[in-house]
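K.L.:
Following this line is data_2.txt, made up of compact mmCIF, C-alpha atoms:
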```txt
# COMPACT_ATOMS: atom_id res chain seq x y z
CA MET X 12 4.09 -19.23 -64.33
CA THR X 13 5.01 -16.56 -66.89
CA SER X 14 4.86 -13.03 -65.54
CA ALA X 15 2.87 -10.53 -67.58
CA GLN X 16 5.99 -8.38 -67.97
CA ASP X 17 8.12 -11.27 -69.25
CA ARG X 18 5.37 -12.26 -71.67
CA ALA X 19 5.08 -8.71 -72.99
CA ASP X 20 8.86 -8.31 -73.29
CA VAL X 21 9.28 -11.62 -75.17
CA ILE X 22 6.52 -10.66 -77.62
CA ASP X 23 8.00 -7.17 -78.03
CA THR X 24 11.42 -8.61 -78.89
CA ALA X 25 10.05 -10.82 -81.69
CA THR X 26 7.77 -8.04 -82.91
CA ALA X 27 10.73 -5.64 -82.97
CA MET X 28 12.64 -8.05 -85.23
CA MET X 29 9.80 -7.97 -87.75
CA TRP X 30 9.32 -4.20 -87.38
CA TYR X 31 13.00 -3.45 -88.01
CA ILE X 32 12.93 -5.63 -91.13
CA ASP X 33 9.91 -3.83 -92.53
CA ILE X 34 11.23 -0.33 -91.86
CA ARG X 35 14.75 -1.39 -92.95
CA ASP X 36 16.41 -0.31 -89.69
CA TRP X 37 19.23 -2.83 -89.95
CA ASP X 38 21.28 -1.35 -87.11
CA ALA X 39 18.42 -1.67 -84.62
CA PHE X 40 17.61 -5.08 -86.12
CA THR X 41 20.82 -6.60 -84.74
CA THR X 42 19.96 -5.55 -81.17
CA VAL X 43 17.24 -8.20 -80.81
CA PHE X 44 19.66 -11.12 -81.15
CA ALA X 45 21.97 -13.06 -78.85
CA GLU X 46 25.57 -13.50 -80.03
CA ASP X 47 24.83 -16.90 -81.61
CA VAL X 48 21.50 -17.57 -83.29
CA ARG X 49 20.28 -20.90 -84.62
CA LEU X 50 18.28 -20.27 -87.81
CA ASP X 51 15.94 -22.89 -89.19
CA TYR X 52 14.42 -21.82 -92.48
CA THR X 53 14.82 -25.31 -93.94
CA ALA X 54 11.10 -25.58 -94.62
CA ILE X 55 11.51 -22.96 -97.34
CA TRP X 56 15.20 -23.15 -98.35
CA GLY X 57 15.95 -26.83 -97.70
CA GLY X 58 19.31 -27.89 -96.30
CA ASP X 59 20.11 -27.81 -92.61
CA PRO X 60 19.60 -25.22 -89.89
CA SER X 61 22.53 -22.83 -89.53
CA HIS X 62 24.09 -20.67 -86.84
CA ALA X 63 24.93 -17.00 -87.35
CA THR X 64 25.98 -13.90 -85.49
CA PRO X 65 23.83 -10.77 -85.54
CA ALA X 66 26.30 -9.23 -88.03
CA GLN X 67 25.95 -12.20 -90.39
CA ILE X 68 22.15 -12.11 -90.12
CA HIS X 69 22.24 -8.37 -90.82
CA ALA X 70 24.38 -8.87 -93.93
CA ASP X 71 22.25 -11.68 -95.39
CA TRP X 72 18.80 -10.42 -94.49
CA SER X 73 19.40 -6.79 -95.43
CA ARG X 74 20.61 -7.95 -98.85
CA LEU X 75 17.64 -10.28 -99.42
CA LEU X 76 14.78 -8.45 -97.72
CA GLY X 77 16.17 -5.05 -98.65
CA ALA X 78 15.85 -6.05 -102.32
CA PHE X 79 12.05 -6.03 -102.05
CA ASP X 80 10.13 -2.85 -102.78
CA ALA X 81 8.25 -3.44 -99.51
CA THR X 82 7.58 -6.13 -96.92
CA GLN X 83 5.14 -6.51 -94.06
CA HIS X 84 5.64 -9.18 -91.39
CA LEU X 85 2.85 -9.72 -88.87
CA LEU X 86 2.87 -12.00 -85.80
CA GLY X 87 -0.23 -13.05 -83.89
CA ASN X 88 -1.78 -15.58 -81.52
CA HIS X 89 1.31 -15.47 -79.29
CA LEU X 90 1.97 -18.40 -76.97
CA VAL X 91 4.77 -17.68 -74.49
CA THR X 92 6.46 -19.94 -71.98
CA VAL X 93 9.20 -18.67 -69.68
CA ASP X 94 11.52 -20.83 -67.60
CA GLY X 95 13.90 -18.61 -65.65
CA ASP X 96 16.11 -16.83 -68.17
CA THR X 97 14.87 -18.75 -71.22
CA ALA X 98 11.64 -18.37 -73.13
CA VAL X 99 9.85 -19.76 -76.16
CA LEU X 100 7.40 -17.78 -78.24
CA THR X 101 5.26 -19.57 -80.80
CA ALA X 102 3.16 -17.40 -83.08
CA VAL X 103 1.40 -17.48 -86.41
CA PHE X 104 2.75 -15.15 -89.05
CA GLN X 105 1.82 -13.58 -92.32
CA ALA X 106 4.56 -12.03 -94.45
CA VAL X 107 3.86 -9.99 -97.57
CA HIS X 108 6.71 -9.41 -100.03
CA ILE X 109 6.38 -6.88 -102.86
CA LEU X 110 8.74 -6.68 -105.83
CA ALA X 111 7.75 -5.19 -109.17
CA ASN X 112 8.86 -7.53 -111.94
CA PRO X 113 8.06 -8.42 -115.55
CA LEU X 114 7.28 -12.07 -114.71
CA GLY X 115 3.95 -11.78 -112.95
CA SER X 116 2.38 -10.47 -109.81
CA PRO X 117 4.58 -8.27 -107.63
CA ARG X 118 3.16 -9.87 -104.45
CA TRP X 119 4.00 -13.05 -102.59
CA THR X 120 2.33 -13.71 -99.24
CA LEU X 121 3.51 -16.47 -96.94
CA GLY X 122 1.80 -17.69 -93.79
CA GLY X 123 2.62 -20.22 -91.11
CA THR X 124 4.24 -20.38 -87.69
CA TYR X 125 7.38 -19.04 -86.09
CA ARG X 126 9.04 -20.45 -83.00
CA PHE X 127 11.48 -18.10 -81.28
CA GLY X 128 13.83 -19.21 -78.54
CA LEU X 129 14.98 -16.36 -76.34
CA THR X 130 17.42 -15.87 -73.51
CA ARG X 131 17.58 -13.09 -70.97
CA ILE X 132 20.90 -11.24 -71.25
CA ASP X 133 21.63 -8.34 -68.89
CA GLY X 134 17.92 -8.06 -68.15
CA ALA X 135 16.78 -7.96 -71.80
CA TRP X 136 15.30 -10.76 -73.90
CA ARG X 137 17.40 -11.70 -76.95
CA ILE X 138 16.52 -14.15 -79.73
CA ASN X 139 18.86 -17.15 -79.95
CA ASP X 140 16.76 -19.56 -82.00
CA ILE X 141 14.33 -19.05 -84.90
CA ALA X 142 12.35 -21.72 -86.71
CA MET X 143 9.89 -20.77 -89.44
CA THR X 144 7.36 -23.25 -90.79
CA PRO X 145 5.24 -22.10 -93.72
CA THR X 146 1.78 -23.62 -94.02
CA TRP X 147 0.38 -21.65 -96.97
CA SER X 148 1.30 -19.10 -99.59
CA ASP X 149 -0.40 -17.04 -102.24
CA GLY X 150 0.91 -15.12 -105.19
CA ASN X 151 4.18 -15.10 -107.07
CA LYS X 152 6.89 -16.98 -105.16
CA ASP X 153 9.30 -16.06 -107.97
CA VAL X 154 9.75 -12.65 -106.31
CA LEU X 155 11.82 -14.48 -103.65
CA THR X 156 14.15 -15.85 -106.32
CA LEU X 157 14.35 -12.46 -108.02
CA ALA X 158 15.15 -10.69 -104.73
CA SER X 159 17.82 -13.22 -103.80
CA GLY X 160 19.44 -13.12 -107.22
CA GLY X 161 18.92 -16.87 -107.35
CA ILE X 162 21.31 -17.43 -104.44
CA ARG X 163 20.17 -18.94 -101.12
CA PRO X 164 21.32 -16.61 -98.34
CA GLN X 165 23.38 -18.46 -95.71
CA ALA X 166 21.40 -17.19 -92.75
CA ALA X 167 17.95 -16.47 -94.15
```
Can you turn what I pasted into structure tokens?

P.N.:
Amino acid sequence: MTSAQDRADVIDTATAMMWYIDIRDWDAFTTVFAEDVRLDYTAIWGGDPSHATPAQIHADWSRLLGAFDATQHLLGNHLVTVDGDTAVLTAVFQAVHILANPLGSPRWTLGGTYRFGLTRIDGAWRINDIAMTPTWSDGNKDVLTLASGGIRPQAA
């Protein structure tokens, strides 16, 4: 049985990741991760899942997501399972990306599910696995290409 405190702490860790992205606090952003993180964004980028350190994630994501004029990442409908010092959080998400551009709408909204794997390290929950599965989008997906400079980030 998942304790209420573990459930809250797991949700807070994933929410903090999204919060730090949106406020562009890249130093705090790295604190939510374990030393090795499996990243599966293949549903949007193709290829294979990758592994990265918090520093590598910081470098790639701050370059890509920092290129947007604004972002807002929301998680909801949290389902948490805890087994000792490991946990899984599955949640729906909605992510809004804003980038003024001459090619159309500045907004691209993506929705779907995230699955976070977490491990308890020194009493704190840290993300060690992320899988994002989009199920819908609306707006101008070209803002993603414009923000990335046409290059697929290694760890995003």

K.L.:
Ranking X:Trp30, X:Trp147, X:Trp72, X:Phe40 by minimum distance to Ile55 (chain X) and counting all atoms listed in the file, which one comes first?

P.N.:
X:Trp147

K.L.:
Which is closer to Tyr52 (chain X) than all the others in X:Gly160, X:Ile109, X:Arg131, X:Thr124, using all atoms listed in the file?

P.N.:
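Among X:Gly160, X:Ile109, X:Arg131, X:Thr124, it is X:Thr124 that comes nearest to Tyr52 (chain X).
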
K.L.:
Would you kindly identify which residues have an atom no farther than 12 Å from (7.6, -13.3, -82.1), using all atoms listed in the file and the file's own coordinates, and write them out as a PyMOL selection string?

P.N.:
chain X and resi 18-30+43+84-91+98-105+124-129+136-138+140-143

K.L.:
Which is closer to Gly123 (chain X) than all the others in X:Asp38, X:Val93, X:Ala54, X:His108, using only C-alpha atoms?

P.N.:
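Under the stated criterion, the closest residue is X:Ala54.
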
K.L.:
To one decimal in Å, tell me the separation between CA of Thr92 (chain X) and CA of Asp47 (chain X).

P.N.:
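About the pair CA of Thr92 (chain X) and CA of Asp47 (chain X): they are 21.0 Å apart.
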
K.L.:
When distances are computed from only C-alpha atoms, which of X:Gly150, X:Gly95, X:Pro60, X:Pro65 shows the smallest separation from Gly122 (chain X)?

P.N.:
X:Gly150

K.L.:
Just give me the gap between CA of Asn139 (chain X) and CA of Ser73 (chain X) in Å, one decimal is fine.

P.N.:
18.6 Å

K.L.:
Which one of X:Ile34, X:Ala135, X:Ala70, X:Leu157 sits closest to Trp119 (chain X) if you count all atoms listed in the file?

P.N.:
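Comparing X:Ile34, X:Ala135, X:Ala70, X:Leu157 against Trp119 (chain X), the winner is X:Leu157.
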
K.L.:
So what do you get for CA of Thr156 (chain X) versus CA of Leu50 (chain X), distance-wise?

P.N.:
19.5 Å

K.L.:
For a quick check of understanding, using only C-alpha atoms, which of X:Gln16, X:Thr42, X:Gln67, X:Asn112 has the smallest distance to Leu155 (chain X)?

P.N.:
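Of all the options, X:Asn112 lies closest to Leu155 (chain X).
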
K.L.:
Write out as an MDAnalysis selection string which residues come within 7 Å of Gln83 (chain X) when counting only C-alpha atoms, dropping same-chain ones fewer than 5 positions away.

P.N.:
chainID X and resid 33 106:108

K.L.:
When you get a chance, write out all heavy atoms for region 15-26 of chain X, as a PDB file, keeping the file's coordinate frame.

P.N.:
```pdb
ATOM      1  N   ALA X  15       3.426 -11.357 -66.491  1.00  0.00           N
ATOM      2  CA  ALA X  15       2.870 -10.530 -67.580  1.00  0.00           C
ATOM      3  C   ALA X  15       3.962  -9.691 -68.223  1.00  0.00           C
ATOM      4  O   ALA X  15       3.960  -9.499 -69.444  1.00  0.00           O
ATOM      5  CB  ALA X  15       1.738  -9.655 -67.043  1.00  0.00           C
ATOM      6  N   GLN X  16       4.916  -9.202 -67.418  1.00  0.00           N
ATOM      7  CA  GLN X  16       5.990  -8.380 -67.970  1.00  0.00           C
ATOM      8  C   GLN X  16       6.915  -9.201 -68.846  1.00  0.00           C
ATOM      9  O   GLN X  16       7.295  -8.758 -69.938  1.00  0.00           O
ATOM     10  CB  GLN X  16       6.791  -7.702 -66.858  1.00  0.00           C
ATOM     11  CG  GLN X  16       7.779  -6.689 -67.394  1.00  0.00           C
ATOM     12  CD  GLN X  16       7.094  -5.552 -68.144  1.00  0.00           C
ATOM     13  OE1 GLN X  16       6.249  -4.860 -67.578  1.00  0.00           O
ATOM     14  NE2 GLN X  16       7.434  -5.355 -69.407  1.00  0.00           N
ATOM     15  N   ASP X  17       7.289 -10.405 -68.412  1.00  0.00           N
ATOM     16  CA  ASP X  17       8.120 -11.270 -69.250  1.00  0.00           C
ATOM     17  C   ASP X  17       7.417 -11.600 -70.550  1.00  0.00           C
ATOM     18  O   ASP X  17       8.017 -11.544 -71.625  1.00  0.00           O
ATOM     19  CB  ASP X  17       8.492 -12.569 -68.521  1.00  0.00           C
ATOM     20  CG  ASP X  17       9.643 -12.407 -67.550  1.00  0.00           C
ATOM     21  OD1 ASP X  17      10.451 -11.473 -67.720  1.00  0.00           O
ATOM     22  OD2 ASP X  17       9.726 -13.226 -66.625  1.00  0.00           O
ATOM     23  N   ARG X  18       6.139 -11.936 -70.463  1.00  0.00           N
ATOM     24  CA  ARG X  18       5.370 -12.260 -71.670  1.00  0.00           C
ATOM     25  C   ARG X  18       5.380 -11.082 -72.638  1.00  0.00           C
ATOM     26  O   ARG X  18       5.666 -11.238 -73.825  1.00  0.00           O
ATOM     27  CB  ARG X  18       3.934 -12.639 -71.310  1.00  0.00           C
ATOM     28  CG  ARG X  18       3.098 -13.050 -72.498  1.00  0.00           C
ATOM     29  CD  ARG X  18       1.665 -13.438 -72.069  1.00  0.00           C
ATOM     30  NE  ARG X  18       0.935 -14.039 -73.176  1.00  0.00           N
ATOM     31  CZ  ARG X  18       0.417 -13.354 -74.193  1.00  0.00           C
ATOM     32  NH1 ARG X  18       0.529 -12.040 -74.249  1.00  0.00           N
ATOM     33  NH2 ARG X  18      -0.228 -13.993 -75.159  1.00  0.00           N
ATOM     34  N   ALA X  19       5.104  -9.909 -72.141  1.00  0.00           N
ATOM     35  CA  ALA X  19       5.080  -8.710 -72.990  1.00  0.00           C
ATOM     36  C   ALA X  19       6.460  -8.444 -73.593  1.00  0.00           C
ATOM     37  O   ALA X  19       6.573  -8.119 -74.781  1.00  0.00           O
ATOM     38  CB  ALA X  19       4.594  -7.505 -72.194  1.00  0.00           C
ATOM     39  N   ASP X  20       7.512  -8.591 -72.796  1.00  0.00           N
ATOM     40  CA  ASP X  20       8.860  -8.310 -73.290  1.00  0.00           C
ATOM     41  C   ASP X  20       9.306  -9.326 -74.343  1.00  0.00           C
ATOM     42  O   ASP X  20       9.972  -8.961 -75.314  1.00  0.00           O
ATOM     43  CB  ASP X  20       9.861  -8.286 -72.130  1.00  0.00           C
ATOM     44  CG  ASP X  20       9.671  -7.093 -71.202  1.00  0.00           C
ATOM     45  OD1 ASP X  20       8.949  -6.142 -71.580  1.00  0.00           O
ATOM     46  OD2 ASP X  20      10.233  -7.127 -70.089  1.00  0.00           O
ATOM     47  N   VAL X  21       8.953 -10.582 -74.178  1.00  0.00           N
ATOM     48  CA  VAL X  21       9.280 -11.620 -75.170  1.00  0.00           C
ATOM     49  C   VAL X  21       8.568 -11.307 -76.491  1.00  0.00           C
ATOM     50  O   VAL X  21       9.180 -11.333 -77.563  1.00  0.00           O
ATOM     51  CB  VAL X  21       8.907 -13.019 -74.634  1.00  0.00           C
ATOM     52  CG1 VAL X  21       8.865 -14.054 -75.749  1.00  0.00           C
ATOM     53  CG2 VAL X  21       9.879 -13.442 -73.533  1.00  0.00           C
ATOM     54  N   ILE X  22       7.281 -10.999 -76.415  1.00  0.00           N
ATOM     55  CA  ILE X  22       6.520 -10.660 -77.620  1.00  0.00           C
ATOM     56  C   ILE X  22       7.093  -9.412 -78.284  1.00  0.00           C
ATOM     57  O   ILE X  22       7.264  -9.366 -79.507  1.00  0.00           O
ATOM     58  CB  ILE X  22       5.023 -10.489 -77.296  1.00  0.00           C
ATOM     59  CG1 ILE X  22       4.410 -11.836 -76.902  1.00  0.00           C
ATOM     60  CG2 ILE X  22       4.266  -9.884 -78.483  1.00  0.00           C
ATOM     61  CD1 ILE X  22       3.011 -11.738 -76.302  1.00  0.00           C
ATOM     62  N   ASP X  23       7.428  -8.400 -77.477  1.00  0.00           N
ATOM     63  CA  ASP X  23       8.000  -7.170 -78.030  1.00  0.00           C
ATOM     64  C   ASP X  23       9.312  -7.429 -78.761  1.00  0.00           C
ATOM     65  O   ASP X  23       9.587  -6.805 -79.796  1.00  0.00           O
ATOM     66  CB  ASP X  23       8.230  -6.133 -76.935  1.00  0.00           C
ATOM     67  CG  ASP X  23       6.960  -5.416 -76.506  1.00  0.00           C
ATOM     68  OD1 ASP X  23       5.911  -5.608 -77.156  1.00  0.00           O
ATOM     69  OD2 ASP X  23       7.030  -4.657 -75.515  1.00  0.00           O
ATOM     70  N   THR X  24      10.138  -8.323 -78.250  1.00  0.00           N
ATOM     71  CA  THR X  24      11.420  -8.610 -78.890  1.00  0.00           C
ATOM     72  C   THR X  24      11.217  -9.222 -80.273  1.00  0.00           C
ATOM     73  O   THR X  24      11.844  -8.792 -81.248  1.00  0.00           O
ATOM     74  CB  THR X  24      12.268  -9.543 -78.003  1.00  0.00           C
ATOM     75  OG1 THR X  24      12.477  -8.908 -76.731  1.00  0.00           O
ATOM     76  CG2 THR X  24      13.611  -9.848 -78.648  1.00  0.00           C
ATOM     77  N   ALA X  25      10.325 -10.206 -80.377  1.00  0.00           N
ATOM     78  CA  ALA X  25      10.050 -10.820 -81.690  1.00  0.00           C
ATOM     79  C   ALA X  25       9.367  -9.832 -82.625  1.00  0.00           C
ATOM     80  O   ALA X  25       9.687  -9.770 -83.818  1.00  0.00           O
ATOM     81  CB  ALA X  25       9.209 -12.077 -81.515  1.00  0.00           C
ATOM     82  N   THR X  26       8.449  -9.050 -82.098  1.00  0.00           N
ATOM     83  CA  THR X  26       7.770  -8.040 -82.910  1.00  0.00           C
ATOM     84  C   THR X  26       8.769  -7.002 -83.408  1.00  0.00           C
ATOM     85  O   THR X  26       8.702  -6.575 -84.575  1.00  0.00           O
ATOM     86  CB  THR X  26       6.648  -7.368 -82.106  1.00  0.00           C
ATOM     87  OG1 THR X  26       5.711  -8.369 -81.701  1.00  0.00           O
ATOM     88  CG2 THR X  26       5.941  -6.303 -82.916  1.00  0.00           C
TER      89      THR X  26
END
```
